[in-house]
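Here the structure comes first, spelled out in structure tokens, and everything after it is commentary.
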Number of protein chains: 4
Amino acid sequence: MTTPKPYERRAYYYETDKMGIVHHSNYIRWFEEARLDYMKQAGLLYTDMEADGILMPVVSVSCRYRTPVLFDEKVFVKVSFDLFNGVRAGYSYEIVKASDGSTAVTGKSEHCFIDEKTRKPLNLKKRYREFYDKGVSLLEGVNAERK
Amino acid sequence: MTTPKPYERRAYYYETDKMGIVHHSNYIRWFEEARLDYMKQAGLLYTDMEADGILMPVVSVSCRYRTPVLFDEKVFVKVSFDLFNGVRAGYSYEIVKASDGSTAVTGKSEHCFIDEKTRKPLNLKKRYREFYDKGVSLLEGVNAERK
Amino acid sequence: MTTPKPYERRAYYYETDKMGIVHHSNYIRWFEEARLDYMKQAGLLYTDMEADGILMPVVSVSCRYRTPVLFDEKVFVKVSFDLFNGVRAGYSYEIVKASDGSTAVTGKSEHCFIDEKTRKPLNLKKRYREFYDKGVSLLEGVNAERK
Amino acid sequence: MTTPKPYERRAYYYETDKMGIVHHSNYIRWFEEARLDYMKQAGLLYTDMEADGILMPVVSVSCRYRTPVLFDEKVFVKVSFDLFNGVRAGYSYEIVKASDGSTAVTGKSEHCFIDEKTRKPLNLKKRYREFYDKGVSLLEGVNAERK
């Protein structure tokens, strides 16, 4: 599989606040958009996972704000796949301004997998082997490229 | 049943946009907050309805903006129950500034009832008689007060 | 000028609510995205207008919901420029599903123009002639095509 | 000054996502609501600060999700004032369910102060002494209580 492309996005008017910049909570949403797009590009569709009765809630998130993004500014959200073991998945993010390549925001998120009905944590290795294998293979590819 | 009290609310910082005022889409959300609060005060809990497998989606909404609401301003959302026949329900809203009683926003919404599973429209009179009777009785009370 | 292209969009996960569909308030936001994109394609940049100290707040909005949009569904937002006289501007919208061309949502919005500092209404014909001329010419083009 | 009371809140319908729980980005917004309320109770009004041309953007935020909050659930957001030196301010948060006192979400945020016009960082000690003194005194009170 080829490396997923960075996710492209412009800031919407309603995402700004009275400070005149994108409200800090919205970058967390952009992380989600970029993460799901990354997974989709890698052939790991969240809609498939949901259809199989599995959800991937967020366990933790962190975000560091460097330069504010303005209305209609174009950015790329670069996603790194950092961790995957069937029980947990971890991503990190860098939001980069298209105009000059400067870093606007960085962040991380960690996720678990739960059964939609019982809401109990599960191990994809046991419950959804196909998805697990794809995830492991994606992570191996990512790690190989890093070297 | 006594008439439900107006719903009280302050504008949050993240609800403003770079124009320095509450973004127009958020008043639609305040309508929802006020509508569900109104129903709750009238003993018609949306959580009960959902537990019974019934959803109440919005069929149409309209909104007229007169004076913008600013960050941290306190408003009252007055709800009127205009229409209910088991198949449709209609509400109108007036958002009033606590400071001077002036009208900031007015609007209307119309709703139907659907089965959570089939997603098909239903008649509360047949499917959820208890809720239907309460709704009819609430509307009668409202209409009696108007005279 | 050629007719602006429909605005393309996918539904984000965080735009859904517990009914499993896009929350009705978000379509109002999509209207805004599509409207600003339409204006941009027509050479009427909102960022230019703001830089000139002019804002274009929403006076009224209405929305009719026909078929819900689901997570990750692709839609086109078609914008019509209905009214422009330097004091008011009017748009109508149709959100169409990419999968089958069916109409999901329709709506309308009306806007005025105000001075950023005084917050008083203004006439673009007097205050921002270049923008006014472009707007009139755009509307004429749209009307000519309709015949 | 007496210790500010925890901020009370119910989860709105539109804050849920198709997972049936409050979307994780919204807790970041609740932190903001609670932080501004805490400051207000302590006599440090953000509206005053803004009127003086000073903004308090977020430098970093982190959030850990333990138990999801459901539609209409009542929570308390407990704010701790951890750090203040005129250049930086730090808060931590605990969102607690009113029903059983269990912890739903915890988090932290760090802030700086900037000039609204130049957008450059500033030291409240030099620029807004009154606010600085109040902040220092609040932090001392908080620290004294902790012992």
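Order determines the names: the first chain of the structure tokens is A, the second B, and so forth; residues in each chain are numbered 1 upward, and ligands are numbered 1 upward as they are shown.
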
task = Kindly provide, as a ChimeraX atom specification, the residues of chain D having any atom no farther than 10 Å from an atom of chain B, counting only C-alpha atoms.
result = /D:11-15,29-30,32-33,36-37,46-47,71-72

Export of prior selection with N, CA and C atoms as a PDB file, in the first residue's frame:
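This is the output file out_21.pdb:
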```pdb
ATOM      1  N   ALA D  11     -25.870  17.659  28.970  1.00  0.00           N
ATOM      2  CA  ALA D  11     -25.440  17.392  27.590  1.00  0.00           C
ATOM      3  C   ALA D  11     -26.606  17.653  26.638  1.00  0.00           C
ATOM      4  N   TYR D  12     -26.359  18.433  25.608  1.00  0.00           N
ATOM      5  CA  TYR D  12     -27.381  18.738  24.610  1.00  0.00           C
ATOM      6  C   TYR D  12     -27.444  17.633  23.554  1.00  0.00           C
ATOM      7  N   TYR D  13     -28.601  17.548  22.926  1.00  0.00           N
ATOM      8  CA  TYR D  13     -28.797  16.517  21.895  1.00  0.00           C
ATOM      9  C   TYR D  13     -27.779  16.650  20.762  1.00  0.00           C
ATOM     10  N   TYR D  14     -27.593  17.889  20.308  1.00  0.00           N
ATOM     11  CA  TYR D  14     -26.707  18.118  19.160  1.00  0.00           C
ATOM     12  C   TYR D  14     -25.236  17.914  19.522  1.00  0.00           C
ATOM     13  N   GLU D  15     -24.937  17.691  20.772  1.00  0.00           N
ATOM     14  CA  GLU D  15     -23.555  17.420  21.176  1.00  0.00           C
ATOM     15  C   GLU D  15     -23.219  15.936  21.081  1.00  0.00           C
ATOM     16  N   ARG D  29     -14.914  22.169  24.780  1.00  0.00           N
ATOM     17  CA  ARG D  29     -15.777  23.361  24.846  1.00  0.00           C
ATOM     18  C   ARG D  29     -16.362  23.533  26.249  1.00  0.00           C
ATOM     19  N   TRP D  30     -16.694  22.437  26.887  1.00  0.00           N
ATOM     20  CA  TRP D  30     -17.200  22.519  28.264  1.00  0.00           C
ATOM     21  C   TRP D  30     -16.108  23.053  29.195  1.00  0.00           C
ATOM     22  N   GLU D  32     -13.927  25.195  28.395  1.00  0.00           N
ATOM     23  CA  GLU D  32     -13.928  26.647  28.181  1.00  0.00           C
ATOM     24  C   GLU D  32     -15.077  27.319  28.938  1.00  0.00           C
ATOM     25  N   GLU D  33     -16.263  26.741  28.827  1.00  0.00           N
ATOM     26  CA  GLU D  33     -17.406  27.293  29.556  1.00  0.00           C
ATOM     27  C   GLU D  33     -17.102  27.379  31.045  1.00  0.00           C
ATOM     28  N   LEU D  36     -14.294  30.009  31.980  1.00  0.00           N
ATOM     29  CA  LEU D  36     -14.752  31.400  31.960  1.00  0.00           C
ATOM     30  C   LEU D  36     -15.717  31.670  33.120  1.00  0.00           C
ATOM     31  N   ASP D  37     -16.490  30.652  33.472  1.00  0.00           N
ATOM     32  CA  ASP D  37     -17.391  30.787  34.614  1.00  0.00           C
ATOM     33  C   ASP D  37     -16.595  30.889  35.917  1.00  0.00           C
ATOM     34  N   TYR D  46     -13.701  37.810  31.659  1.00  0.00           N
ATOM     35  CA  TYR D  46     -13.032  37.778  30.362  1.00  0.00           C
ATOM     36  C   TYR D  46     -13.511  38.941  29.494  1.00  0.00           C
ATOM     37  N   THR D  47     -14.766  39.314  29.643  1.00  0.00           N
ATOM     38  CA  THR D  47     -15.282  40.457  28.873  1.00  0.00           C
ATOM     39  C   THR D  47     -14.538  41.742  29.243  1.00  0.00           C
ATOM     40  N   PHE D  71     -26.826  11.951  26.371  1.00  0.00           N
ATOM     41  CA  PHE D  71     -27.784  13.035  26.167  1.00  0.00           C
ATOM     42  C   PHE D  71     -28.576  13.320  27.449  1.00  0.00           C
ATOM     43  N   ASP D  72     -28.638  14.578  27.797  1.00  0.00           N
ATOM     44  CA  ASP D  72     -29.416  15.094  28.916  1.00  0.00           C
ATOM     45  C   ASP D  72     -28.831  14.743  30.292  1.00  0.00           C
TER      46      ASP D  72
END
```

task = Report the residues of chain B whose backbone DSSP state falls under strand (DSSP E or B), written as a ChimeraX atom specification.
result = /B:7-10,16,22,54-55,58-65,74-84,88-97,103-112,114-115,121

ask   = Just asking: which residues within chain D are helix (DSSP H, G or I) according to DSSP, as a PyMOL selection string?
value = chain D and resi 13-15+24-41+46-51+124-127+129-146

ask   = Neighbours of Ser80 in chain C within 12 Å (only C-alpha atoms; same-chain residues fewer than 6 positions away dropped), as a ChimeraX atom specification?
value = /C:3-7,31,34-35,38-39,89-95,106-110,138-139,141-143,145-146

Export C-alpha atoms of the chosen residues as a PDB file, in the first residue's frame?
```pdb
ATOM      1  CA  THR C   3     -21.515  29.474 -13.789  1.00  0.00           C
ATOM      2  CA  PRO C   4     -19.936  28.398 -10.476  1.00  0.00           C
ATOM      3  CA  LYS C   5     -19.719  24.649  -9.960  1.00  0.00           C
ATOM      4  CA  PRO C   6     -21.736  22.935  -7.206  1.00  0.00           C
ATOM      5  CA  TYR C   7     -19.917  22.701  -3.907  1.00  0.00           C
ATOM      6  CA  PHE C  31     -25.174  26.473   3.079  1.00  0.00           C
ATOM      7  CA  ALA C  34     -21.365  26.656  -0.367  1.00  0.00           C
ATOM      8  CA  ARG C  35     -22.423  30.318  -0.492  1.00  0.00           C
ATOM      9  CA  TYR C  38     -20.015  30.302  -4.904  1.00  0.00           C
ATOM     10  CA  MET C  39     -19.099  33.923  -4.302  1.00  0.00           C
ATOM     11  CA  ALA C  89     -28.739  39.467  -1.222  1.00  0.00           C
ATOM     12  CA  GLY C  90     -30.702  36.224  -1.460  1.00  0.00           C
ATOM     13  CA  TYR C  91     -29.613  32.673  -2.135  1.00  0.00           C
ATOM     14  CA  SER C  92     -31.343  29.328  -2.382  1.00  0.00           C
ATOM     15  CA  TYR C  93     -29.756  25.931  -1.911  1.00  0.00           C
ATOM     16  CA  GLU C  94     -30.297  22.324  -2.850  1.00  0.00           C
ATOM     17  CA  ILE C  95     -28.233  19.601  -1.225  1.00  0.00           C
ATOM     18  CA  THR C 106     -33.408  22.567   0.357  1.00  0.00           C
ATOM     19  CA  GLY C 107     -33.220  26.050   1.818  1.00  0.00           C
ATOM     20  CA  LYS C 108     -32.958  29.781   1.447  1.00  0.00           C
ATOM     21  CA  SER C 109     -31.043  32.597   3.090  1.00  0.00           C
ATOM     22  CA  GLU C 110     -31.250  36.355   2.953  1.00  0.00           C
ATOM     23  CA  LEU C 138     -23.472  38.018 -11.757  1.00  0.00           C
ATOM     24  CA  LEU C 139     -27.219  38.179 -11.122  1.00  0.00           C
ATOM     25  CA  GLY C 141     -25.832  36.362 -15.987  1.00  0.00           C
ATOM     26  CA  VAL C 142     -27.738  33.959 -13.748  1.00  0.00           C
ATOM     27  CA  ASN C 143     -31.080  35.357 -14.884  1.00  0.00           C
ATOM     28  CA  GLU C 145     -29.185  31.543 -18.180  1.00  0.00           C
ATOM     29  CA  ARG C 146     -32.514  30.766 -16.564  1.00  0.00           C
TER      30      ARG C 146
END
```

task = Tell me which protein, DNA and RNA residues are within 10 Å of Pro121 in chain B, counting only C-alpha atoms, leaving out same-chain ones fewer than 2 positions away, and put them as number ranges by chain.
result = B: 54-57, 87-88, 112-116, 118-119, 123-124

Export of the given selection (all heavy atoms) as a CSV table (one decimal), in the first residue's frame:
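Result file follows (selection.csv):
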```
chain,number,residue,atom,x,y,z
B,54,ILE,N,-38.8,5.6,19.3
B,54,ILE,CA,-39.4,6.6,18.5
B,54,ILE,C,-38.5,7.8,18.4
B,54,ILE,O,-38.0,8.3,19.4
B,54,ILE,CB,-40.8,7.0,19.0
B,54,ILE,CG1,-41.8,5.8,19.0
B,54,ILE,CG2,-41.4,8.2,18.2
B,54,ILE,CD1,-43.1,6.1,19.8
B,55,LEU,N,-38.3,8.3,17.2
B,55,LEU,CA,-37.5,9.6,17.0
B,55,LEU,C,-38.4,10.7,16.5
B,55,LEU,O,-39.4,10.4,15.9
B,55,LEU,CB,-36.4,9.3,16.1
B,55,LEU,CG,-35.4,8.1,16.4
B,55,LEU,CD1,-34.4,7.9,15.3
B,55,LEU,CD2,-34.7,8.4,17.7
B,56,MET,N,-37.9,11.9,16.7
B,56,MET,CA,-38.7,13.1,16.3
B,56,MET,C,-37.9,14.0,15.5
B,56,MET,O,-37.5,15.1,15.9
B,56,MET,CB,-39.2,13.8,17.6
B,56,MET,CG,-40.3,14.9,17.3
B,56,MET,SD,-40.9,15.7,18.8
B,56,MET,CE,-39.6,17.0,19.0
B,57,PRO,N,-37.6,13.6,14.2
B,57,PRO,CA,-36.7,14.4,13.4
B,57,PRO,C,-37.3,15.8,13.0
B,57,PRO,O,-38.6,15.9,13.0
B,57,PRO,CB,-36.4,13.6,12.2
B,57,PRO,CG,-37.5,12.6,12.1
B,57,PRO,CD,-38.0,12.4,13.5
B,87,VAL,N,-49.0,13.0,14.2
B,87,VAL,CA,-48.1,12.8,13.0
B,87,VAL,C,-47.1,13.9,12.9
B,87,VAL,O,-46.0,13.7,12.5
B,87,VAL,CB,-49.0,12.7,11.8
B,87,VAL,CG1,-48.2,12.6,10.5
B,87,VAL,CG2,-50.0,11.5,11.9
B,88,ARG,N,-47.6,15.1,13.2
B,88,ARG,CA,-46.7,16.3,13.1
B,88,ARG,C,-46.8,17.1,14.4
B,88,ARG,O,-47.8,17.0,15.1
B,88,ARG,CB,-47.2,17.2,12.0
B,88,ARG,CG,-47.0,16.7,10.6
B,88,ARG,CD,-45.6,17.0,10.1
B,88,ARG,NE,-45.2,16.1,9.0
B,88,ARG,CZ,-44.7,16.6,7.8
B,88,ARG,NH1,-44.4,17.9,7.7
B,88,ARG,NH2,-44.4,15.8,6.9
B,112,CYS,N,-41.7,15.4,12.6
B,112,CYS,CA,-42.6,14.2,12.4
B,112,CYS,C,-42.1,13.2,13.4
B,112,CYS,O,-41.2,13.5,14.2
B,112,CYS,CB,-42.6,13.7,11.0
B,112,CYS,SG,-40.9,13.1,10.5
B,113,PHE,N,-42.7,12.1,13.4
B,113,PHE,CA,-42.3,11.0,14.3
B,113,PHE,C,-42.0,9.8,13.5
B,113,PHE,O,-42.7,9.4,12.5
B,113,PHE,CB,-43.4,10.6,15.3
B,113,PHE,CG,-43.8,11.9,16.1
B,113,PHE,CD1,-44.9,12.6,15.7
B,113,PHE,CD2,-43.1,12.2,17.3
B,113,PHE,CE1,-45.2,13.8,16.4
B,113,PHE,CE2,-43.4,13.4,18.0
B,113,PHE,CZ,-44.5,14.1,17.6
B,114,ILE,N,-40.8,9.1,13.8
B,114,ILE,CA,-40.5,7.9,13.0
B,114,ILE,C,-40.1,6.8,13.9
B,114,ILE,O,-39.7,7.0,15.1
B,114,ILE,CB,-39.3,8.2,12.0
B,114,ILE,CG1,-38.0,8.6,12.7
B,114,ILE,CG2,-39.7,9.3,11.0
B,114,ILE,CD1,-36.8,8.7,11.8
B,115,ASP,N,-40.2,5.6,13.4
B,115,ASP,CA,-39.7,4.4,14.1
B,115,ASP,C,-38.2,4.3,13.9
B,115,ASP,O,-37.7,4.4,12.8
B,115,ASP,CB,-40.4,3.2,13.4
B,115,ASP,CG,-40.0,1.9,14.2
B,115,ASP,OD1,-38.8,1.4,14.0
B,115,ASP,OD2,-40.9,1.4,14.9
B,116,GLU,N,-37.5,4.1,15.1
B,116,GLU,CA,-36.1,4.1,15.1
B,116,GLU,C,-35.5,3.1,14.1
B,116,GLU,O,-34.5,3.3,13.5
B,116,GLU,CB,-35.6,3.9,16.5
B,116,GLU,CG,-34.1,4.2,16.7
B,116,GLU,CD,-33.6,3.6,18.0
B,116,GLU,OE1,-34.4,3.0,18.8
B,116,GLU,OE2,-32.4,3.7,18.2
B,118,THR,N,-37.2,1.1,11.5
B,118,THR,CA,-37.7,1.2,10.1
B,118,THR,C,-37.4,2.5,9.5
B,118,THR,O,-37.4,2.7,8.2
B,118,THR,CB,-39.2,0.9,9.9
B,118,THR,OG1,-39.9,1.9,10.6
B,118,THR,CG2,-39.5,-0.5,10.6
B,119,ARG,N,-37.3,3.6,10.3
B,119,ARG,CA,-37.1,4.9,9.9
B,119,ARG,C,-38.3,5.4,9.1
B,119,ARG,O,-38.3,6.4,8.3
B,119,ARG,CB,-35.8,5.1,9.0
B,119,ARG,CG,-34.5,4.7,9.7
B,119,ARG,CD,-34.0,5.9,10.5
B,119,ARG,NE,-33.2,5.5,11.7
B,119,ARG,CZ,-32.4,6.3,12.3
B,119,ARG,NH1,-32.2,7.5,12.0
B,119,ARG,NH2,-31.7,5.8,13.4
B,123,ASN,N,-47.7,7.3,13.5
B,123,ASN,CA,-48.7,8.1,14.2
B,123,ASN,C,-48.7,7.8,15.7
B,123,ASN,O,-49.0,6.6,16.1
B,123,ASN,CB,-50.1,7.8,13.6
B,123,ASN,CG,-51.1,8.8,14.1
B,123,ASN,OD1,-51.0,9.4,15.2
B,123,ASN,ND2,-52.2,8.9,13.4
B,124,LEU,N,-48.3,8.7,16.5
B,124,LEU,CA,-48.2,8.5,17.9
B,124,LEU,C,-49.5,8.0,18.5
B,124,LEU,O,-49.6,7.3,19.5
B,124,LEU,CB,-47.8,9.8,18.7
B,124,LEU,CG,-46.3,10.2,18.6
B,124,LEU,CD1,-46.1,11.4,19.5
B,124,LEU,CD2,-45.4,9.1,19.0
```

request  = Mind checking which residues fall within 7 Å of Asp17 in chain B, counting only C-alpha atoms, ignoring those fewer than 3 positions away in the same chain, and posting them as a ChimeraX atom specification?
outcome  = /A:14,16-18 /B:20-23

request  = Record the distance separating CA of Tyr27 in chain D and CA of Val105 in chain D, expressed in Å with one decimal.
outcome  =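 Those two atoms sit 7.8 Å apart.
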
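Contact shell of Lys97 in chain D at 12 Å (only C-alpha atoms; same-chain neighbours under 2 positions omitted): Pro6, Tyr7, Glu8, Arg9, Arg10, Ala11, Arg66, Thr67, Pro68, Val69, Leu70, Asp72, Glu73, Lys74, Val75, Phe76, Val77, Lys78, Glu94, Ile95, Ser99, Asp100, Gly101, Ser102, Thr103, Ala104, Val105 and Thr106 of chain D.
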
Length of the CA of Ser60 in chain C to CA of Tyr65 in chain B vector [Å] =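 Between CA of Ser60 in chain C and CA of Tyr65 in chain B the gap is 5.8 Å.
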